[in-house]
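Heads up, coords.pdb below (PDB, C-alpha atoms and all ligand atoms):
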```pdb
ATOM      1  CA  MET A  17      89.509 -47.072  92.155  1.00  0.00           C
ATOM      2  CA  ALA A  18      86.640 -45.271  93.858  1.00  0.00           C
ATOM      3  CA  GLU A  19      84.548 -47.394  96.169  1.00  0.00           C
ATOM      4  CA  LEU A  20      81.107 -47.943  94.728  1.00  0.00           C
ATOM      5  CA  LYS A  21      79.580 -49.506  97.795  1.00  0.00           C
ATOM      6  CA  ARG A  22      78.603 -47.413 100.808  1.00  0.00           C
ATOM      7  CA  ARG A  23      80.605 -48.351 103.891  1.00  0.00           C
ATOM      8  CA  VAL A  24      78.137 -49.412 106.570  1.00  0.00           C
ATOM      9  CA  ALA A  25      78.613 -50.029 110.285  1.00  0.00           C
ATOM     10  CA  VAL A  26      76.079 -52.300 111.974  1.00  0.00           C
ATOM     11  CA  LEU A  27      75.653 -51.466 115.662  1.00  0.00           C
ATOM     12  CA  ILE A  28      74.478 -54.308 117.891  1.00  0.00           C
ATOM     13  CA  SER A  29      74.008 -55.179 121.550  1.00  0.00           C
ATOM     14  CA  GLY A  30      73.025 -58.849 121.442  1.00  0.00           C
ATOM     15  CA  ARG A  31      72.001 -61.844 119.337  1.00  0.00           C
ATOM     16  CA  GLY A  32      72.522 -60.198 115.963  1.00  0.00           C
ATOM     17  CA  SER A  33      69.986 -62.073 113.846  1.00  0.00           C
ATOM     18  CA  ASN A  34      69.239 -58.919 111.841  1.00  0.00           C
ATOM     19  CA  LEU A  35      72.979 -58.517 111.397  1.00  0.00           C
ATOM     20  CA  GLY A  36      72.958 -62.070 110.025  1.00  0.00           C
ATOM     21  CA  ALA A  37      70.302 -61.116 107.462  1.00  0.00           C
ATOM     22  CA  LEU A  38      72.348 -58.064 106.425  1.00  0.00           C
ATOM     23  CA  ILE A  39      75.493 -60.182 106.126  1.00  0.00           C
ATOM     24  CA  GLU A  40      73.690 -62.634 103.826  1.00  0.00           C
ATOM     25  CA  ALA A  41      72.293 -59.828 101.668  1.00  0.00           C
ATOM     26  CA  ALA A  42      75.623 -58.037 101.412  1.00  0.00           C
ATOM     27  CA  ARG A  43      77.220 -61.177  99.962  1.00  0.00           C
ATOM     28  CA  HIS A  44      75.528 -60.395  96.656  1.00  0.00           C
ATOM     29  CA  PRO A  45      78.008 -58.652  94.370  1.00  0.00           C
ATOM     30  CA  ALA A  46      75.351 -56.120  93.352  1.00  0.00           C
ATOM     31  CA  TYR A  47      74.371 -55.185  96.908  1.00  0.00           C
ATOM     32  CA  PRO A  48      75.083 -51.442  97.259  1.00  0.00           C
ATOM     33  CA  ALA A  49      76.482 -51.604 100.809  1.00  0.00           C
ATOM     34  CA  GLU A  50      79.590 -53.165 102.286  1.00  0.00           C
ATOM     35  CA  LEU A  51      79.473 -54.125 105.963  1.00  0.00           C
ATOM     36  CA  ALA A  52      82.764 -52.518 106.915  1.00  0.00           C
ATOM     37  CA  LEU A  53      82.377 -52.714 110.697  1.00  0.00           C
ATOM     38  CA  VAL A  54      80.235 -54.400 113.329  1.00  0.00           C
ATOM     39  CA  LEU A  55      80.354 -52.448 116.561  1.00  0.00           C
ATOM     40  CA  SER A  56      78.916 -53.700 119.843  1.00  0.00           C
ATOM     41  CA  ASN A  57      78.502 -51.945 123.172  1.00  0.00           C
ATOM     42  CA  ARG A  58      78.768 -55.342 124.864  1.00  0.00           C
ATOM     43  CA  ALA A  59      81.747 -57.681 124.584  1.00  0.00           C
ATOM     44  CA  ASP A  60      79.468 -60.709 125.079  1.00  0.00           C
ATOM     45  CA  ALA A  61      77.082 -59.888 122.205  1.00  0.00           C
ATOM     46  CA  ALA A  62      76.564 -63.112 120.242  1.00  0.00           C
ATOM     47  CA  GLY A  63      76.344 -61.097 117.039  1.00  0.00           C
ATOM     48  CA  LEU A  64      80.074 -60.406 117.242  1.00  0.00           C
ATOM     49  CA  GLU A  65      80.699 -64.095 116.489  1.00  0.00           C
ATOM     50  CA  ARG A  66      78.522 -63.905 113.380  1.00  0.00           C
ATOM     51  CA  ALA A  67      80.562 -60.938 112.192  1.00  0.00           C
ATOM     52  CA  ARG A  68      83.896 -62.629 112.879  1.00  0.00           C
ATOM     53  CA  ALA A  69      82.723 -65.788 111.107  1.00  0.00           C
ATOM     54  CA  ALA A  70      81.874 -63.653 108.084  1.00  0.00           C
ATOM     55  CA  GLY A  71      85.267 -61.937 108.160  1.00  0.00           C
ATOM     56  CA  ILE A  72      83.831 -58.512 109.019  1.00  0.00           C
ATOM     57  CA  PRO A  73      85.952 -56.228 111.233  1.00  0.00           C
ATOM     58  CA  THR A  74      84.502 -55.878 114.721  1.00  0.00           C
ATOM     59  CA  ALA A  75      84.871 -53.334 117.494  1.00  0.00           C
ATOM     60  CA  VAL A  76      83.681 -53.374 121.090  1.00  0.00           C
ATOM     61  CA  VAL A  77      83.076 -50.102 122.874  1.00  0.00           C
ATOM     62  CA  GLU A  78      81.671 -51.079 126.256  1.00  0.00           C
ATOM     63  CA  SER A  79      79.021 -48.575 127.308  1.00  0.00           C
ATOM     64  CA  ARG A  80      78.915 -49.650 130.956  1.00  0.00           C
ATOM     65  CA  PRO A  81      82.214 -48.037 132.078  1.00  0.00           C
ATOM     66  CA  PHE A  82      81.003 -44.689 130.746  1.00  0.00           C
ATOM     67  CA  GLY A  83      78.012 -44.706 133.111  1.00  0.00           C
ATOM     68  CA  ARG A  84      75.976 -41.591 132.410  1.00  0.00           C
ATOM     69  CA  ASP A  85      78.681 -40.096 130.223  1.00  0.00           C
ATOM     70  CA  ARG A  86      76.859 -40.784 126.964  1.00  0.00           C
ATOM     71  CA  ALA A  87      78.892 -38.169 125.090  1.00  0.00           C
ATOM     72  CA  GLY A  88      82.111 -39.917 126.164  1.00  0.00           C
ATOM     73  CA  PHE A  89      80.771 -43.281 125.021  1.00  0.00           C
ATOM     74  CA  GLU A  90      79.724 -41.824 121.687  1.00  0.00           C
ATOM     75  CA  ALA A  91      83.079 -40.097 121.197  1.00  0.00           C
ATOM     76  CA  ALA A  92      84.754 -43.494 121.633  1.00  0.00           C
ATOM     77  CA  MET A  93      82.328 -45.029 119.139  1.00  0.00           C
ATOM     78  CA  GLY A  94      82.805 -42.118 116.761  1.00  0.00           C
ATOM     79  CA  ALA A  95      86.553 -42.723 116.708  1.00  0.00           C
ATOM     80  CA  ARG A  96      86.023 -46.337 115.627  1.00  0.00           C
ATOM     81  CA  LEU A  97      83.488 -45.298 112.998  1.00  0.00           C
ATOM     82  CA  ALA A  98      85.882 -42.693 111.629  1.00  0.00           C
ATOM     83  CA  GLU A  99      88.800 -45.145 111.548  1.00  0.00           C
ATOM     84  CA  ALA A 100      86.660 -47.518 109.473  1.00  0.00           C
ATOM     85  CA  ARG A 101      85.561 -44.634 107.176  1.00  0.00           C
ATOM     86  CA  ILE A 102      81.892 -45.392 107.847  1.00  0.00           C
ATOM     87  CA  GLU A 103      79.291 -43.597 105.734  1.00  0.00           C
ATOM     88  CA  LEU A 104      76.055 -45.161 106.983  1.00  0.00           C
ATOM     89  CA  ILE A 105      75.011 -46.683 110.315  1.00  0.00           C
ATOM     90  CA  ALA A 106      72.461 -49.486 110.677  1.00  0.00           C
ATOM     91  CA  LEU A 107      71.249 -49.982 114.254  1.00  0.00           C
ATOM     92  CA  ALA A 108      70.293 -53.643 114.654  1.00  0.00           C
ATOM     93  CA  GLY A 109      69.196 -54.407 118.192  1.00  0.00           C
ATOM     94  CA  PHE A 110      71.447 -51.668 119.567  1.00  0.00           C
ATOM     95  CA  MET A 111      69.920 -51.013 122.968  1.00  0.00           C
ATOM     96  CA  ARG A 112      71.447 -47.655 123.903  1.00  0.00           C
ATOM     97  CA  VAL A 113      69.680 -44.347 123.446  1.00  0.00           C
ATOM     98  CA  LEU A 114      71.908 -41.969 121.479  1.00  0.00           C
ATOM     99  CA  THR A 115      72.323 -38.271 122.247  1.00  0.00           C
ATOM    100  CA  GLU A 116      70.831 -35.559 120.089  1.00  0.00           C
ATOM    101  CA  ASP A 117      74.358 -34.472 119.090  1.00  0.00           C
ATOM    102  CA  PHE A 118      75.296 -37.922 117.811  1.00  0.00           C
ATOM    103  CA  VAL A 119      71.974 -38.412 116.033  1.00  0.00           C
ATOM    104  CA  THR A 120      72.198 -34.990 114.415  1.00  0.00           C
ATOM    105  CA  ALA A 121      75.742 -35.670 113.227  1.00  0.00           C
ATOM    106  CA  TRP A 122      74.445 -38.794 111.437  1.00  0.00           C
ATOM    107  CA  SER A 123      71.169 -37.261 110.235  1.00  0.00           C
ATOM    108  CA  GLY A 124      69.921 -39.078 107.144  1.00  0.00           C
ATOM    109  CA  ARG A 125      72.774 -41.555 107.465  1.00  0.00           C
ATOM    110  CA  MET A 126      71.544 -43.715 110.362  1.00  0.00           C
ATOM    111  CA  LEU A 127      68.783 -46.335 110.171  1.00  0.00           C
ATOM    112  CA  ASN A 128      67.077 -48.360 112.884  1.00  0.00           C
ATOM    113  CA  ILE A 129      64.806 -51.384 112.862  1.00  0.00           C
ATOM    114  CA  HIS A 130      62.051 -51.476 115.428  1.00  0.00           C
ATOM    115  CA  PRO A 131      59.763 -54.440 116.172  1.00  0.00           C
ATOM    116  CA  SER A 132      56.384 -52.731 115.733  1.00  0.00           C
ATOM    117  CA  LEU A 133      54.404 -50.773 113.189  1.00  0.00           C
ATOM    118  CA  LEU A 134      55.482 -47.322 114.353  1.00  0.00           C
ATOM    119  CA  PRO A 135      54.123 -44.966 115.598  1.00  0.00           C
ATOM    120  CA  ALA A 136      52.376 -47.779 117.488  1.00  0.00           C
ATOM    121  CA  PHE A 137      54.377 -49.297 120.341  1.00  0.00           C
ATOM    122  CA  PRO A 138      57.631 -47.348 120.499  1.00  0.00           C
ATOM    123  CA  GLY A 139      60.025 -48.518 123.225  1.00  0.00           C
ATOM    124  CA  LEU A 140      60.355 -51.987 124.732  1.00  0.00           C
ATOM    125  CA  ASP A 141      58.171 -55.110 125.023  1.00  0.00           C
ATOM    126  CA  THR A 142      56.407 -54.349 121.766  1.00  0.00           C
ATOM    127  CA  HIS A 143      55.023 -57.846 121.177  1.00  0.00           C
ATOM    128  CA  ALA A 144      53.493 -58.235 124.642  1.00  0.00           C
ATOM    129  CA  ARG A 145      51.986 -54.765 124.349  1.00  0.00           C
ATOM    130  CA  ALA A 146      50.530 -55.541 120.911  1.00  0.00           C
ATOM    131  CA  ILE A 147      48.853 -58.686 122.294  1.00  0.00           C
ATOM    132  CA  ALA A 148      47.592 -56.802 125.342  1.00  0.00           C
ATOM    133  CA  ALA A 149      46.190 -54.033 123.136  1.00  0.00           C
ATOM    134  CA  GLY A 150      44.302 -56.576 121.020  1.00  0.00           C
ATOM    135  CA  VAL A 151      45.572 -55.288 117.670  1.00  0.00           C
ATOM    136  CA  ARG A 152      45.047 -57.570 114.667  1.00  0.00           C
ATOM    137  CA  LEU A 153      48.124 -56.364 112.761  1.00  0.00           C
ATOM    138  CA  HIS A 154      51.630 -55.967 114.091  1.00  0.00           C
ATOM    139  CA  GLY A 155      55.017 -55.864 112.370  1.00  0.00           C
ATOM    140  CA  CYS A 156      58.284 -54.008 112.018  1.00  0.00           C
ATOM    141  CA  THR A 157      59.556 -50.647 110.828  1.00  0.00           C
ATOM    142  CA  VAL A 158      62.842 -49.379 109.392  1.00  0.00           C
ATOM    143  CA  HIS A 159      63.225 -45.633 109.920  1.00  0.00           C
ATOM    144  CA  PHE A 160      65.791 -42.878 109.834  1.00  0.00           C
ATOM    145  CA  VAL A 161      66.998 -42.125 113.351  1.00  0.00           C
ATOM    146  CA  THR A 162      66.053 -38.737 114.784  1.00  0.00           C
ATOM    147  CA  PRO A 163      66.529 -37.476 118.352  1.00  0.00           C
ATOM    148  CA  GLY A 164      63.082 -38.658 119.531  1.00  0.00           C
ATOM    149  CA  VAL A 165      63.388 -42.367 120.308  1.00  0.00           C
ATOM    150  CA  ASP A 166      61.543 -44.496 117.693  1.00  0.00           C
ATOM    151  CA  GLU A 167      60.100 -41.337 116.122  1.00  0.00           C
ATOM    152  CA  GLY A 168      62.109 -41.006 112.914  1.00  0.00           C
ATOM    153  CA  PRO A 169      60.652 -40.887 109.390  1.00  0.00           C
ATOM    154  CA  VAL A 170      59.562 -44.313 108.178  1.00  0.00           C
ATOM    155  CA  ILE A 171      61.421 -45.868 105.249  1.00  0.00           C
ATOM    156  CA  ALA A 172      59.650 -49.217 105.114  1.00  0.00           C
ATOM    157  CA  GLN A 173      57.277 -51.391 107.100  1.00  0.00           C
ATOM    158  CA  SER A 174      56.068 -54.957 107.007  1.00  0.00           C
ATOM    159  CA  ALA A 175      52.909 -56.203 108.721  1.00  0.00           C
ATOM    160  CA  VAL A 176      52.009 -59.620 110.087  1.00  0.00           C
ATOM    161  CA  PRO A 177      48.713 -60.849 111.569  1.00  0.00           C
ATOM    162  CA  VAL A 178      48.257 -61.314 115.285  1.00  0.00           C
ATOM    163  CA  LEU A 179      46.631 -64.740 115.455  1.00  0.00           C
ATOM    164  CA  PRO A 180      44.289 -66.129 118.118  1.00  0.00           C
ATOM    165  CA  GLY A 181      46.364 -67.931 120.719  1.00  0.00           C
ATOM    166  CA  ASP A 182      49.571 -66.053 119.936  1.00  0.00           C
ATOM    167  CA  ASP A 183      51.890 -65.654 122.858  1.00  0.00           C
ATOM    168  CA  GLU A 184      54.756 -63.176 122.937  1.00  0.00           C
ATOM    169  CA  ALA A 185      57.273 -65.711 121.585  1.00  0.00           C
ATOM    170  CA  ALA A 186      55.079 -66.794 118.667  1.00  0.00           C
ATOM    171  CA  LEU A 187      54.378 -63.218 117.647  1.00  0.00           C
ATOM    172  CA  ALA A 188      58.028 -62.181 118.069  1.00  0.00           C
ATOM    173  CA  ALA A 189      59.138 -65.009 115.778  1.00  0.00           C
ATOM    174  CA  ARG A 190      56.620 -64.006 113.075  1.00  0.00           C
ATOM    175  CA  VAL A 191      57.770 -60.375 113.245  1.00  0.00           C
ATOM    176  CA  LEU A 192      61.455 -61.314 113.305  1.00  0.00           C
ATOM    177  CA  ALA A 193      61.119 -63.253 110.034  1.00  0.00           C
ATOM    178  CA  GLU A 194      59.774 -60.035 108.477  1.00  0.00           C
ATOM    179  CA  GLU A 195      62.574 -57.967 110.014  1.00  0.00           C
ATOM    180  CA  HIS A 196      65.037 -60.213 108.206  1.00  0.00           C
ATOM    181  CA  ARG A 197      63.308 -59.508 104.873  1.00  0.00           C
ATOM    182  CA  LEU A 198      62.733 -55.802 105.454  1.00  0.00           C
ATOM    183  CA  TYR A 199      66.082 -54.569 106.757  1.00  0.00           C
ATOM    184  CA  PRO A 200      68.279 -55.788 103.874  1.00  0.00           C
ATOM    185  CA  ALA A 201      65.891 -54.145 101.404  1.00  0.00           C
ATOM    186  CA  ALA A 202      65.643 -50.857 103.310  1.00  0.00           C
ATOM    187  CA  LEU A 203      69.408 -50.658 103.763  1.00  0.00           C
ATOM    188  CA  ALA A 204      69.875 -51.282 100.049  1.00  0.00           C
ATOM    189  CA  TRP A 205      67.506 -48.393  99.321  1.00  0.00           C
ATOM    190  CA  ALA A 206      69.347 -46.044 101.690  1.00  0.00           C
ATOM    191  CA  ALA A 207      72.772 -47.086 100.423  1.00  0.00           C
ATOM    192  CA  SER A 208      71.778 -46.581  96.790  1.00  0.00           C
ATOM    193  CA  GLY A 209      70.103 -43.212  97.437  1.00  0.00           C
ATOM    194  CA  ALA A 210      66.638 -44.582  96.662  1.00  0.00           C
ATOM    195  CA  ALA A 211      65.680 -43.739 100.273  1.00  0.00           C
ATOM    196  CA  ARG A 212      66.694 -40.301 101.559  1.00  0.00           C
ATOM    197  CA  LEU A 213      65.862 -37.950 104.400  1.00  0.00           C
ATOM    198  CA  GLU A 214      64.581 -34.694 102.900  1.00  0.00           C
ATOM    199  CA  GLY A 215      62.931 -31.876 104.840  1.00  0.00           C
ATOM    200  CA  GLY A 216      62.310 -34.136 107.808  1.00  0.00           C
ATOM    201  CA  ARG A 217      60.553 -36.806 105.752  1.00  0.00           C
ATOM    202  CA  ALA A 218      61.759 -40.057 104.245  1.00  0.00           C
ATOM    203  CA  VAL A 219      61.614 -39.946 100.448  1.00  0.00           C
ATOM    204  CA  VAL A 220      61.586 -43.458  99.036  1.00  0.00           C
ATOM    205  CA  GLU A 221      61.812 -43.974  95.300  1.00  0.00           C
ATOM    206  CA  ALA A 222      61.836 -47.746  95.603  1.00  0.00           C
ATOM    207  CA  THR A 223      58.572 -49.621  95.546  1.00  0.00           C
ATOM    208  CA  MET A 224      57.029 -51.744  98.268  1.00  0.00           C
ATOM    209  CA  ALA A 225      55.172 -53.725  95.573  1.00  0.00           C
ATOM    210  CA  GLU A 226      55.037 -57.508  95.698  1.00  0.00           C
ATOM    211  CA  GLY A 227      58.549 -58.840  95.324  1.00  0.00           C
ATOM    212  CA  ALA A 228      60.253 -55.563  96.239  1.00  0.00           C
ATOM    213  CA  LEU A 229      61.632 -56.957  99.470  1.00  0.00           C
ATOM    214  CA  ALA A 230      63.246 -59.877  97.689  1.00  0.00           C
ATOM    215  CA  ASN A 231      64.486 -57.700  94.822  1.00  0.00           C
ATOM    216  CA  PRO A 232      64.831 -54.224  96.320  1.00  0.00           C
ATOM    217  CA  LEU A 233      66.811 -52.706  93.453  1.00  0.00           C
ATOM    218  CA  PRO A 234      66.663 -53.312  89.729  1.00  0.00           C
ATOM    219  CA  GLY A 235      69.468 -55.657  88.831  1.00  0.00           C
ATOM    220  CA  LEU A 236      69.997 -56.839  92.392  1.00  0.00           C
ATOM    221  CA  PRO A 237      69.596 -60.610  92.663  1.00  0.00           C
ATOM    222  CA  ALA A 238      66.893 -61.902  94.975  1.00  0.00           C
ATOM    223  CA  LEU A 239      67.901 -61.529  98.595  1.00  0.00           C
ATOM    224  CA  PRO A 240      67.723 -64.517 100.920  1.00  0.00           C
ATOM    225  CA  THR A 241      64.668 -64.453 103.138  1.00  0.00           C
ATOM    226  CA  GLU A 242      65.373 -67.337 105.511  1.00  0.00           C
ATOM    227  CA  MET A 243      67.262 -66.575 108.694  1.00  0.00           C
ATOM    228  CA  PRO A 244      67.321 -68.610 111.922  1.00  0.00           C
TER
HETATM  229  C1  LIG B   1      65.050 -56.998 116.955  1.00  0.00           C
HETATM  230  O1  LIG B   1      63.755 -57.527 117.092  1.00  0.00           O
HETATM  231  C2  LIG B   1      65.003 -55.499 116.767  1.00  0.00           C
HETATM  232  O2  LIG B   1      63.900 -55.076 116.014  1.00  0.00           O
HETATM  233  C3  LIG B   1      64.896 -55.038 118.196  1.00  0.00           C
HETATM  234  O3  LIG B   1      65.775 -55.862 118.908  1.00  0.00           O
HETATM  235  C4  LIG B   1      65.837 -57.130 118.257  1.00  0.00           C
HETATM  236  C5  LIG B   1      67.277 -57.470 118.011  1.00  0.00           C
HETATM  237  O4  LIG B   1      67.387 -58.772 117.530  1.00  0.00           O
HETATM  238  N1  LIG B   1      65.251 -53.667 118.324  1.00  0.00           N
HETATM  239  C6  LIG B   1      64.711 -52.846 119.222  1.00  0.00           C
HETATM  240  O5  LIG B   1      63.887 -53.210 120.024  1.00  0.00           O
HETATM  241  C7  LIG B   1      65.232 -51.446 119.178  1.00  0.00           C
HETATM  242  N2  LIG B   1      64.389 -50.576 119.932  1.00  0.00           N
HETATM  243  P1  LIG B   1      68.700 -59.253 116.801  1.00  0.00           P
HETATM  244  O6  LIG B   1      69.853 -58.900 117.728  1.00  0.00           O
HETATM  245  O7  LIG B   1      68.529 -60.740 116.687  1.00  0.00           O
HETATM  246  O8  LIG B   1      68.778 -58.554 115.483  1.00  0.00           O
END
```
Write the structure described by the file as structure tokens, please.
Ligand code: GAR
Amino acid sequence: MAELKRRVAVLISGRGSNLGALIEAARHPAYPAELALVLSNRADAAGLERARAAGIPTAVVESRPFGRDRAGFEAAMGARLAEARIELIALAGFMRVLTEDFVTAWSGRMLNIHPSLLPAFPGLDTHARAIAAGVRLHGCTVHFVTPGVDEGPVIAQSAVPVLPGDDEAALAARVLAEEHRLYPAALAWAASGAARLEGGRAVVEATMAEGALANPLPGLPALPTEMP
């Protein structure tokens, strides 16, 4: 029988709380993606344990031994992705910059979540920079990955207030809760074809209306929104 669900690899480098949110969402029988592989560039990434506990195949391709040989590292990753017959990649706290060749090969088939309202605050330390800049709204973005780091077409965003007295940890926690709502919905849209990369722009047929994050596709049961 043909597989109806898109085979997704989640690429991680650390804690894996977004991976946890995707795992919970993908438990729904109607979810359009199957997490077929969790791949980490670090053997000590805590997210690998979450994957193993959920019975998802894992792979470790250590980036460190490759040094500056990014193409070699990506070739090793590509072999694991091919073995697992991966169709879509979800970067979830994957802290390696990918080469233009790799990104181009996965054009329209690779998503990333970033902890800011892009194009504001690309790169690292987004929460501290948002506080320092004095913005009143901050949040997270899911986008298609393109060669420019954190520059790809936006699929979905979620905003949170920056409150008086917020420190970096308080703001990070508020944004992270939104990441855990946003990423399962955006991945569902990409896996179902409701979100596509066309002519360099993200076309999204799904709605961001109230409730869309909990029920991203018609017929899909409400996704869990709580995640430690
Ligand atoms: C998340 O906040 C994610 O948005 C961020 O790393 C964290 C990973 O947390 N990603 C980036 O900064 C990518 N540039 P997690 O491992 O608990 O999902």
Original post:
atom CA of A:Ala92 to atom CA of A:Ala25: how many Å, to one decimal?
Top reply: 14.5 Å
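Against this structure, the PyMOL selection byres (((chain A and resi 85-90) around 10) and not hetatm) ends up with A:Asn57, A:Val77, A:Glu78, A:Ser79, A:Arg80, A:Pro81, A:Phe82, A:Gly83, A:Arg84, A:Ala91, A:Ala92, A:Met93, A:Gly94, A:Ala95, A:Arg96, A:Arg112, A:Val113, A:Leu114, A:Thr115, A:Glu116, A:Asp117, A:Phe118.
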Original post:
Within 8 Å of ligand LIG 1 (chain B), counting all atoms listed in the file, which protein or nucleic acid residues do you find, written as a PyMOL selection string?
Top reply: chain A and resi 28-36+63+107-111+128-132+138-142+156+166+188+191-192+195
**OP:** List every protein, DNA or RNA residue with an atom no more than 8 Å from (83.8, -59.0, 109.7) in the file's coordinates, counting only C-alpha atoms, and format the result as a PyMOL selection string.
**Re:** chain A and resi 51-54+67-74
Original post:
Can you list what the PyMOL selection byres (((chain A and resi 146) around 12) and not hetatm) grabs from this structure, as a ChimeraX atom specification?
Top reply: /A:131-134,136-138,140-145,147-156,176-179,182-184,187-188,191
Store the residues picked out above, limited to C-alpha atoms, as a CSV table (one decimal), in the frame of the given file.
```
chain,number,residue,atom,x,y,z
A,131,PRO,CA,59.8,-54.4,116.2
A,132,SER,CA,56.4,-52.7,115.7
A,133,LEU,CA,54.4,-50.8,113.2
A,134,LEU,CA,55.5,-47.3,114.4
A,136,ALA,CA,52.4,-47.8,117.5
A,137,PHE,CA,54.4,-49.3,120.3
A,138,PRO,CA,57.6,-47.3,120.5
A,140,LEU,CA,60.4,-52.0,124.7
A,141,ASP,CA,58.2,-55.1,125.0
A,142,THR,CA,56.4,-54.3,121.8
A,143,HIS,CA,55.0,-57.8,121.2
A,144,ALA,CA,53.5,-58.2,124.6
A,145,ARG,CA,52.0,-54.8,124.3
A,147,ILE,CA,48.9,-58.7,122.3
A,148,ALA,CA,47.6,-56.8,125.3
A,149,ALA,CA,46.2,-54.0,123.1
A,150,GLY,CA,44.3,-56.6,121.0
A,151,VAL,CA,45.6,-55.3,117.7
A,152,ARG,CA,45.0,-57.6,114.7
A,153,LEU,CA,48.1,-56.4,112.8
A,154,HIS,CA,51.6,-56.0,114.1
A,155,GLY,CA,55.0,-55.9,112.4
A,156,CYS,CA,58.3,-54.0,112.0
A,176,VAL,CA,52.0,-59.6,110.1
A,177,PRO,CA,48.7,-60.8,111.6
A,178,VAL,CA,48.3,-61.3,115.3
A,179,LEU,CA,46.6,-64.7,115.5
A,182,ASP,CA,49.6,-66.1,119.9
A,183,ASP,CA,51.9,-65.7,122.9
A,184,GLU,CA,54.8,-63.2,122.9
A,187,LEU,CA,54.4,-63.2,117.6
A,188,ALA,CA,58.0,-62.2,118.1
A,191,VAL,CA,57.8,-60.4,113.2
```
Would you place a box with edges along x, y and z of the file around all atoms of stretch 43-53 of chain A listed there, add 6 Å to each of its six sides, and report the centre and edge lengths in Å to one decimal, as JSON?
```
{"center_x": 78.6, "center_y": -56.3, "center_z": 102.0, "size_x": 20.4, "size_y": 21.7, "size_z": 29.3}
```
**OP:** Using atom CA of A:Val220 and atom CA of A:Gly164 as the two end points, give the distance in Å to one decimal.
**Re:**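 A separation of 21.1 Å between them.
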Show me, as a PDB file with C-alpha atoms, in the frame of the given file, the residues that have an atom within 12 Å of A:Pro45 when counting all atoms listed in the file, minus same-chain residues fewer than 4 positions from it.
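Below is the file result_19.pdb, written as the result:
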```
ATOM      1  CA  LEU A  20      81.107 -47.943  94.728  1.00  0.00           C
ATOM      2  CA  LYS A  21      79.580 -49.506  97.795  1.00  0.00           C
ATOM      3  CA  GLU A  40      73.690 -62.634 103.826  1.00  0.00           C
ATOM      4  CA  ALA A  41      72.293 -59.828 101.668  1.00  0.00           C
ATOM      5  CA  ALA A  49      76.482 -51.604 100.809  1.00  0.00           C
ATOM      6  CA  GLU A  50      79.590 -53.165 102.286  1.00  0.00           C
ATOM      7  CA  GLY A 235      69.468 -55.657  88.831  1.00  0.00           C
ATOM      8  CA  LEU A 236      69.997 -56.839  92.392  1.00  0.00           C
ATOM      9  CA  PRO A 237      69.596 -60.610  92.663  1.00  0.00           C
ATOM     10  CA  ALA A 238      66.893 -61.902  94.975  1.00  0.00           C
ATOM     11  CA  LEU A 239      67.901 -61.529  98.595  1.00  0.00           C
TER      12      LEU A 239
END
```
Selection: 12 Å around A:His159, all atoms listed in the file, excl. self and same-chain fewer than 5 positions, as a CSV table (one decimal) with C-alpha atoms, keeping the file's coordinate frame:
```
chain,number,residue,atom,x,y,z
A,105,ILE,CA,75.0,-46.7,110.3
A,106,ALA,CA,72.5,-49.5,110.7
A,107,LEU,CA,71.2,-50.0,114.3
A,108,ALA,CA,70.3,-53.6,114.7
A,123,SER,CA,71.2,-37.3,110.2
A,124,GLY,CA,69.9,-39.1,107.1
A,125,ARG,CA,72.8,-41.6,107.5
A,126,MET,CA,71.5,-43.7,110.4
A,127,LEU,CA,68.8,-46.3,110.2
A,128,ASN,CA,67.1,-48.4,112.9
A,129,ILE,CA,64.8,-51.4,112.9
A,130,HIS,CA,62.1,-51.5,115.4
A,131,PRO,CA,59.8,-54.4,116.2
A,132,SER,CA,56.4,-52.7,115.7
A,133,LEU,CA,54.4,-50.8,113.2
A,134,LEU,CA,55.5,-47.3,114.4
A,135,PRO,CA,54.1,-45.0,115.6
A,164,GLY,CA,63.1,-38.7,119.5
A,165,VAL,CA,63.4,-42.4,120.3
A,166,ASP,CA,61.5,-44.5,117.7
A,167,GLU,CA,60.1,-41.3,116.1
A,168,GLY,CA,62.1,-41.0,112.9
A,169,PRO,CA,60.7,-40.9,109.4
A,170,VAL,CA,59.6,-44.3,108.2
A,171,ILE,CA,61.4,-45.9,105.2
A,172,ALA,CA,59.6,-49.2,105.1
A,173,GLN,CA,57.3,-51.4,107.1
A,198,LEU,CA,62.7,-55.8,105.5
A,199,TYR,CA,66.1,-54.6,106.8
A,202,ALA,CA,65.6,-50.9,103.3
A,203,LEU,CA,69.4,-50.7,103.8
A,205,TRP,CA,67.5,-48.4,99.3
A,206,ALA,CA,69.3,-46.0,101.7
A,211,ALA,CA,65.7,-43.7,100.3
A,212,ARG,CA,66.7,-40.3,101.6
A,213,LEU,CA,65.9,-38.0,104.4
A,216,GLY,CA,62.3,-34.1,107.8
A,217,ARG,CA,60.6,-36.8,105.8
A,218,ALA,CA,61.8,-40.1,104.2
A,219,VAL,CA,61.6,-39.9,100.4
A,220,VAL,CA,61.6,-43.5,99.0
```
Original post:
Could you work out how far atom CA of A:Ala98 lies from atom CA of A:Val76, giving the answer in Å with one decimal?
Top reply: 14.4 Å
Original post:
Between A:Arg101, A:Arg58, A:Arg66, A:Arg190, which is the closest to A:Leu38 once you count only C-alpha atoms?
Top reply: A:Arg66
Subject >> A:Ala210, A:Ala225, A:Thr162, A:Ala75 ranked by distance to A:Ser174, top pick (using all atoms listed in the file) >> reply: A:Ala225
